[in-house]
Structure formats: structure tokens, C-alpha cells
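Q: Dumping the structure here so I can ask a few things about it.
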Amino acid sequence: MKIDRLIGIITILQQNKKVTAPYLAKKFEVSRRTISLGYFGSEGDLELLKGYISEMEWVRKTGVKALGIYEHGGRMVYVSTDGAIEAGSNIVEDIVQLDKYKSITTDILIFEPLTKEQLIILGEWLLSYNEPIKTVSVMAWVAGCFIKPHLKKSGIKFPHLLLVGEQGSGKSNTLERVILPVFSCSKIRAATQVTAFTLMKESASSNLIPQLMDEFKPSKIDKLRLNALYNHLRDAYDGHEGVRGRADQSAVTYELLAPIIVAGEESPDEAAIRERSIELLFSKKDLKPASHRQAFYNLCAKADLLGSFGRSLLDIALRVSTVEAEKWYEEAKSEISDEFPSRIVNNLACCYAGLSLVNKLCEFLNVTWPEVFPINKGACIRYLQNGVQEYLLDGGSNNKTIVEQTLEIMARMKLAPNQDYTFDKGGKVIGIRFCDVYDRYTKYRRDYAVTGECLPYNQFLKQLRQSDFFLESNKTMRFGNETKKAWALDFSILKERCDVSGFEITDIEPL
């Protein structure tokens, strides 16, 4: 056995409690027989070798678990298993990603940064292959990934990206032909096949290149797997660690760092997951304009330009300080409507920071935003807000709570007026006998396969008390010729929040 290979094997044995022969054979590209029969010395000989190795001159490097951007030696550096670079593509010798944590991979470093002329060509296509609401949101989110490590250092949470739409609507093509080439990666998992462990392991292996999942259909995924996926989406957004138990009752923790993209025909049925995301709804009609199709064909034909775009964003991100990225984020908050919930404002501000990174790329190449993109930056910000309002908030300014979703479903149940519910004060107040209705509501969900969260009765009433349309519980109200106890709600506020028009239909037969 060659002395350098033997020294390498001994070094690995010193660093690990247990190492298998197949692992060493693969590591040193030799047969398993070579590893298994390679050493015949005694333990004393091994100690001599250890002493010899300890006296040698070694290049010391900082090892990191996740591929991505780090602050190292007073500047930002990009680190992978192949090595590290700083701004300007200068090689950094003293930091590397540890090979055993490698999972998400990328070839982003093989591309050259864009020239001014290439950026001008690409800019027209990037915002023209679909409706502006979608193209702007995709570019803003993708660019934001490159400064996610900067934002995380300031305690800022980064949203997921949800691509939702019918079969053939272009969501998977957008993922595979537009988004993936920017990151120079190709690994996509089917949402129906993920496990809690694979989700945590992948997420901990990158703080820049996204974790990708396709074929997301909550109604087709078994509950155990779906809960694992939802828990992962919540934990990744909130900055919690993933925990996995071992057979010896110890626990392994994973820092969930990677941005997340989920594509599928259905959106998550939990409001809390959707509120942690930028959601885009794709449709076949969006692909009909010839200009959209031509721009998409151009992007597919020039995938190398998308790779160079990602390489350029990486280089600019390495020139951005944490303070500058946080400044972009704070500037965005003043531009966003204060009617949105705080979590939505945070998500939009992260995307705005991504647009600011693209703008910095334009400035670096001595070109203005209008010279590159057919939509000005101010309009892009409005498209971001319109997208959230249209796709995520269903045209309103707030996501529907579980209580509001429950009342929406009850309004579709054809409940009996003057028996199950009644109106007071000229239709401004509605009284509902939940004690009679709620069991029928849970049965209705089962019979009609209504997906989503269903609260226990007592928990529903408890949350209902905290809503701003709650007026009074057990209020005596007139139901036809009788008086009964009911829960009184402000119907005028309720109508603004959700679709409860079914309660206003009074000439129906009860179920």
C-alpha cells in the first residue's frame, strides 16, 4: 500500500469512531480487498505512524457543513466541496465544505459572469415568458436566495416559493427551464417520496442553492409524510433546527438553511404554510400570447446565459455586506402596504432585497435598470404586492384564519335559516347555533372530502372568541317564532373577510 494512501486512511480513522471498508475503498478509488488487507502492523506500529503524522506540516482549513456564502476573514466567501472563492473569483485556500455533509450540489462556478451585452439580451426574456406578476416574483425570489445568508445573520426569515397550477400550466417548465439553470443544479425530489430525514439532511447541506420538490398534491400524500413536510416547511422558515433520534437514544440536530421551492397542482391546505411563502398560480391561458412563448423558447435555447446570470448574482452577493442587505430589506418595508400581515411584509421585503441585488448587478456592469428590463423597478414592486394579494390572500389583505375557513364551509352546507342560524339588526348580525351545527360540519367535511385543518369543537369556540367579528356567546335571539341561544357574530365584518354569501340565501331546504 502506498505510504500517502496509508497516511490518508490513518487520518480518517483518527477523525471518525467507525469507518467501513467500502467507504474507504470508494474514498481512495481502490478495491475493497486493498483496504481490507492493506495493513498488517501492530498497535505499536500504528502509534509510531500517528507520531510521525502529527509532526508533519499540514495545511489547516476551516470546514463548514453547508455549501453557500459565509463571512470569513472579514469578507464574504462562497464555499463548496470543490473549494472557495471571494468576490472577483479569487480563490480562498483556508475554508472548504466537508465532503460528508454534501447533498445539494451545483456547477455554478463553471460559468463565467455575464457581460453588459448579455445582461441586456437576457433581461428582456426574464420578464416576458409569462405574466409580469409571475416573472417578477420568480426573479425577485431567485435573486433573494443569493443574499439569504446575509439576511439570516440579521435574523430575517426567508420565504419559500410555491408554484401551483393545473397540469400543463407551465409551473414545472418554469422550475426546470428558468429557475434551475440559474442555480446550475438539477436535483428535484418528488414530494410524495420525501422523508423527514432526507428533508433535514438536504436542507442542512446548502444555505444558498434551494431544496426542490415537485408533484406536490396534499390530497394524494399520506398524512404521516404530509405532516413531516409541513413541519419541515414551518421549521425551515422559522429558523428551528431539525432533530433526528439515533438507536443509542442520542439525537442529531440539523440546521435548516436551504431556500425551498415546492411545485404542484395543489397549494398547501394550511394557512400557516402559505403565509410563509410566495405563492404563484400558473394557468394555461398565460402561455397563449406568442410573445410569452417566444421569450420562453429563447430562455430554453440560451440556458448558458441563465447559468452566467446566477454566477453574476453570486459574484455581486459576495460584494454585498450584511449591513447593505439589511438596508435593502428595511427600505422595502416602507414601500409595502401596511395593511398586509407582518409575515407577508417580511416575505415581500426579502423579494425586494433580491431586486436590489439585481439592480446592483446592473450598476456593476454600467447599465441602468430600464436599459435591461422592460418593466421599471417601481412597477416590479407593485407586481410583487399584487401577486401576494391575488394568489395568496385571495384578493384581500389578510390570509383567512381557520375560523374564517370553517364559517365559509358552513355557508356552503345549506343550513336551515331560522333553525340553524338567524339574522338580527337588519342583517348586520348573524346568530349561529354551533351546538347543533358543528357535528354536521365535521360530517360534511368527511362526506365531501374537504381537505384542510379541522379544529375540535371547544378549540373552535375558543378561537372564535378571539376574532374581531365575535360579539357575544349564548345570546338569546329570535329564530322564527322561537327564542334560542346562539353565538352572535358581526356579519358585515365577516362578509369582508370571507365568502359567507350562502347564509344570505333563505329559501332553501335543510340537508
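Order determines the names: the first chain of the C-alpha cells is A, the second B, and so forth; residues in each chain are numbered 1 upward, and ligands are numbered 1 upward as they are shown.
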Identify, on the basis of only C-alpha atoms, every residue whose closest approach to A:Leu256 does not exceed 12 Å; exclude the query and any residue fewer than 4 positions from it along the same chain; express the result as a PyMOL selection string.
A: chain A and resi 65-66+149+152+157-158+196-208+210-211+231-243+260
Q: For A:Arg75, work out the shell of residues within 10 Å, counting only C-alpha atoms and skipping chain neighbours fewer than 2 positions away, then give it as a list in words.
A: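 These residues fall inside the cut-off: Tyr70, Glu71, His72, Gly73, Val77, Glu86, Ala87, Leu318, Arg319, Val320 and Ser321 of chain A.
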Q: I need the residues from that last selection saved to file as an mmCIF file, in the first residue's frame (with N, CA, C and O atoms), if you can.
A:
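Once everything was written out, this is result-v3.cif:
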```
data_model
loop_
_atom_site.group_PDB
_atom_site.id
_atom_site.type_symbol
_atom_site.label_atom_id
_atom_site.label_comp_id
_atom_site.auth_asym_id
_atom_site.auth_seq_id
_atom_site.Cartn_x
_atom_site.Cartn_y
_atom_site.Cartn_z
ATOM 1 N N TYR A 70 -20.484 32.556 3.265
ATOM 2 C CA TYR A 70 -20.111 32.772 4.669
ATOM 3 C C TYR A 70 -19.260 34.037 4.780
ATOM 4 O O TYR A 70 -18.582 34.427 3.827
ATOM 5 N N GLU A 71 -19.293 34.627 5.971
ATOM 6 C CA GLU A 71 -18.361 35.711 6.268
ATOM 7 C C GLU A 71 -17.115 35.077 6.856
ATOM 8 O O GLU A 71 -17.172 34.405 7.888
ATOM 9 N N HIS A 72 -15.970 35.263 6.201
ATOM 10 C CA HIS A 72 -14.744 34.580 6.595
ATOM 11 C C HIS A 72 -13.567 35.522 6.360
ATOM 12 O O HIS A 72 -13.378 36.039 5.260
ATOM 13 N N GLY A 73 -12.818 35.762 7.393
ATOM 14 C CA GLY A 73 -11.647 36.631 7.268
ATOM 15 C C GLY A 73 -11.991 38.055 6.892
ATOM 16 O O GLY A 73 -11.223 38.705 6.174
ATOM 17 N N VAL A 77 -17.344 34.935 1.385
ATOM 18 C CA VAL A 77 -16.761 33.918 0.510
ATOM 19 C C VAL A 77 -17.830 32.871 0.186
ATOM 20 O O VAL A 77 -18.744 32.626 0.977
ATOM 21 N N GLU A 86 -13.743 34.257 -3.317
ATOM 22 C CA GLU A 86 -14.276 35.530 -2.861
ATOM 23 C C GLU A 86 -14.691 36.332 -4.086
ATOM 24 O O GLU A 86 -14.598 35.849 -5.221
ATOM 25 N N ALA A 87 -15.154 37.559 -3.886
ATOM 26 C CA ALA A 87 -15.561 38.416 -4.998
ATOM 27 C C ALA A 87 -14.422 38.560 -6.003
ATOM 28 O O ALA A 87 -13.255 38.676 -5.624
ATOM 29 N N LEU A 318 -21.275 38.418 -3.133
ATOM 30 C CA LEU A 318 -20.026 38.382 -2.362
ATOM 31 C C LEU A 318 -19.468 39.788 -2.119
ATOM 32 O O LEU A 318 -18.621 39.981 -1.247
ATOM 33 N N ARG A 319 -19.955 40.763 -2.881
ATOM 34 C CA ARG A 319 -19.534 42.153 -2.693
ATOM 35 C C ARG A 319 -20.483 42.920 -1.774
ATOM 36 O O ARG A 319 -20.257 44.092 -1.479
ATOM 37 N N VAL A 320 -21.573 42.265 -1.356
ATOM 38 C CA VAL A 320 -22.584 42.912 -0.515
ATOM 39 C C VAL A 320 -22.338 42.559 0.946
ATOM 40 O O VAL A 320 -22.143 41.396 1.290
ATOM 41 N N SER A 321 -22.376 43.559 1.804
ATOM 42 C CA SER A 321 -22.220 43.318 3.232
ATOM 43 C C SER A 321 -23.567 42.998 3.862
ATOM 44 O O SER A 321 -24.625 43.276 3.282
#
```
Q: From a DSSP pass on the backbone, collect the residues of stretch 194-277 of chain A flagged as helix (DSSP H, G or I) and hand them back as an mmCIF file with C-alpha atoms, in the first residue's frame.
A:
```cif
data_model
loop_
_atom_site.group_PDB
_atom_site.id
_atom_site.type_symbol
_atom_site.label_atom_id
_atom_site.label_comp_id
_atom_site.auth_asym_id
_atom_site.auth_seq_id
_atom_site.Cartn_x
_atom_site.Cartn_y
_atom_site.Cartn_z
ATOM 1 C CA ALA A 196 -38.225 13.742 7.492
ATOM 2 C CA PHE A 197 -34.571 12.630 7.431
ATOM 3 C CA THR A 198 -33.960 13.361 3.736
ATOM 4 C CA LEU A 199 -35.610 16.767 4.108
ATOM 5 C CA MET A 200 -33.406 17.727 7.069
ATOM 6 C CA LYS A 201 -30.190 16.338 5.573
ATOM 7 C CA GLU A 202 -30.665 18.180 2.277
ATOM 8 C CA SER A 203 -31.704 21.436 3.905
ATOM 9 C CA PRO A 218 -51.650 17.226 -0.361
ATOM 10 C CA SER A 219 -54.774 15.205 -1.170
ATOM 11 C CA LYS A 220 -52.626 12.364 -2.571
ATOM 12 C CA LYS A 223 -50.856 12.017 6.359
ATOM 13 C CA LEU A 224 -47.602 10.995 8.069
ATOM 14 C CA ARG A 225 -45.463 12.113 5.140
ATOM 15 C CA LEU A 226 -47.504 15.300 4.672
ATOM 16 C CA ASN A 227 -47.117 16.245 8.352
ATOM 17 C CA ALA A 228 -43.352 15.711 8.076
ATOM 18 C CA LEU A 229 -43.241 18.004 5.044
ATOM 19 C CA TYR A 230 -45.382 20.690 6.711
ATOM 20 C CA ASN A 231 -43.250 20.560 9.872
ATOM 21 C CA HIS A 232 -40.147 20.961 7.729
ATOM 22 C CA LEU A 233 -41.602 23.988 5.913
ATOM 23 C CA ARG A 234 -42.507 25.619 9.233
ATOM 24 C CA ASP A 235 -39.164 24.853 10.895
ATOM 25 C CA ALA A 236 -37.095 25.950 7.881
ATOM 26 C CA TYR A 237 -38.861 29.331 7.717
ATOM 27 C CA ASP A 238 -38.762 29.959 11.460
ATOM 28 C CA ALA A 271 -52.874 28.842 6.021
ATOM 29 C CA ALA A 272 -49.747 28.991 8.192
ATOM 30 C CA ILE A 273 -47.663 27.303 5.464
ATOM 31 C CA ARG A 274 -49.000 29.529 2.686
#
```
Q: Restricting the calculation to only C-alpha atoms: of A:Phe296, A:Gly8, A:Asn90, A:Thr322, which residue gets closest to A:Ile156?
A: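 That would be A:Thr322, the residue with the smallest distance to A:Ile156.
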Q: From the options A:Gln118, A:Thr81, A:Ser312, A:Thr105, which residue's atoms come nearest to A:Leu212, counting only C-alpha atoms?
A: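 Closest to A:Leu212, using only C-alpha atoms: A:Thr105.
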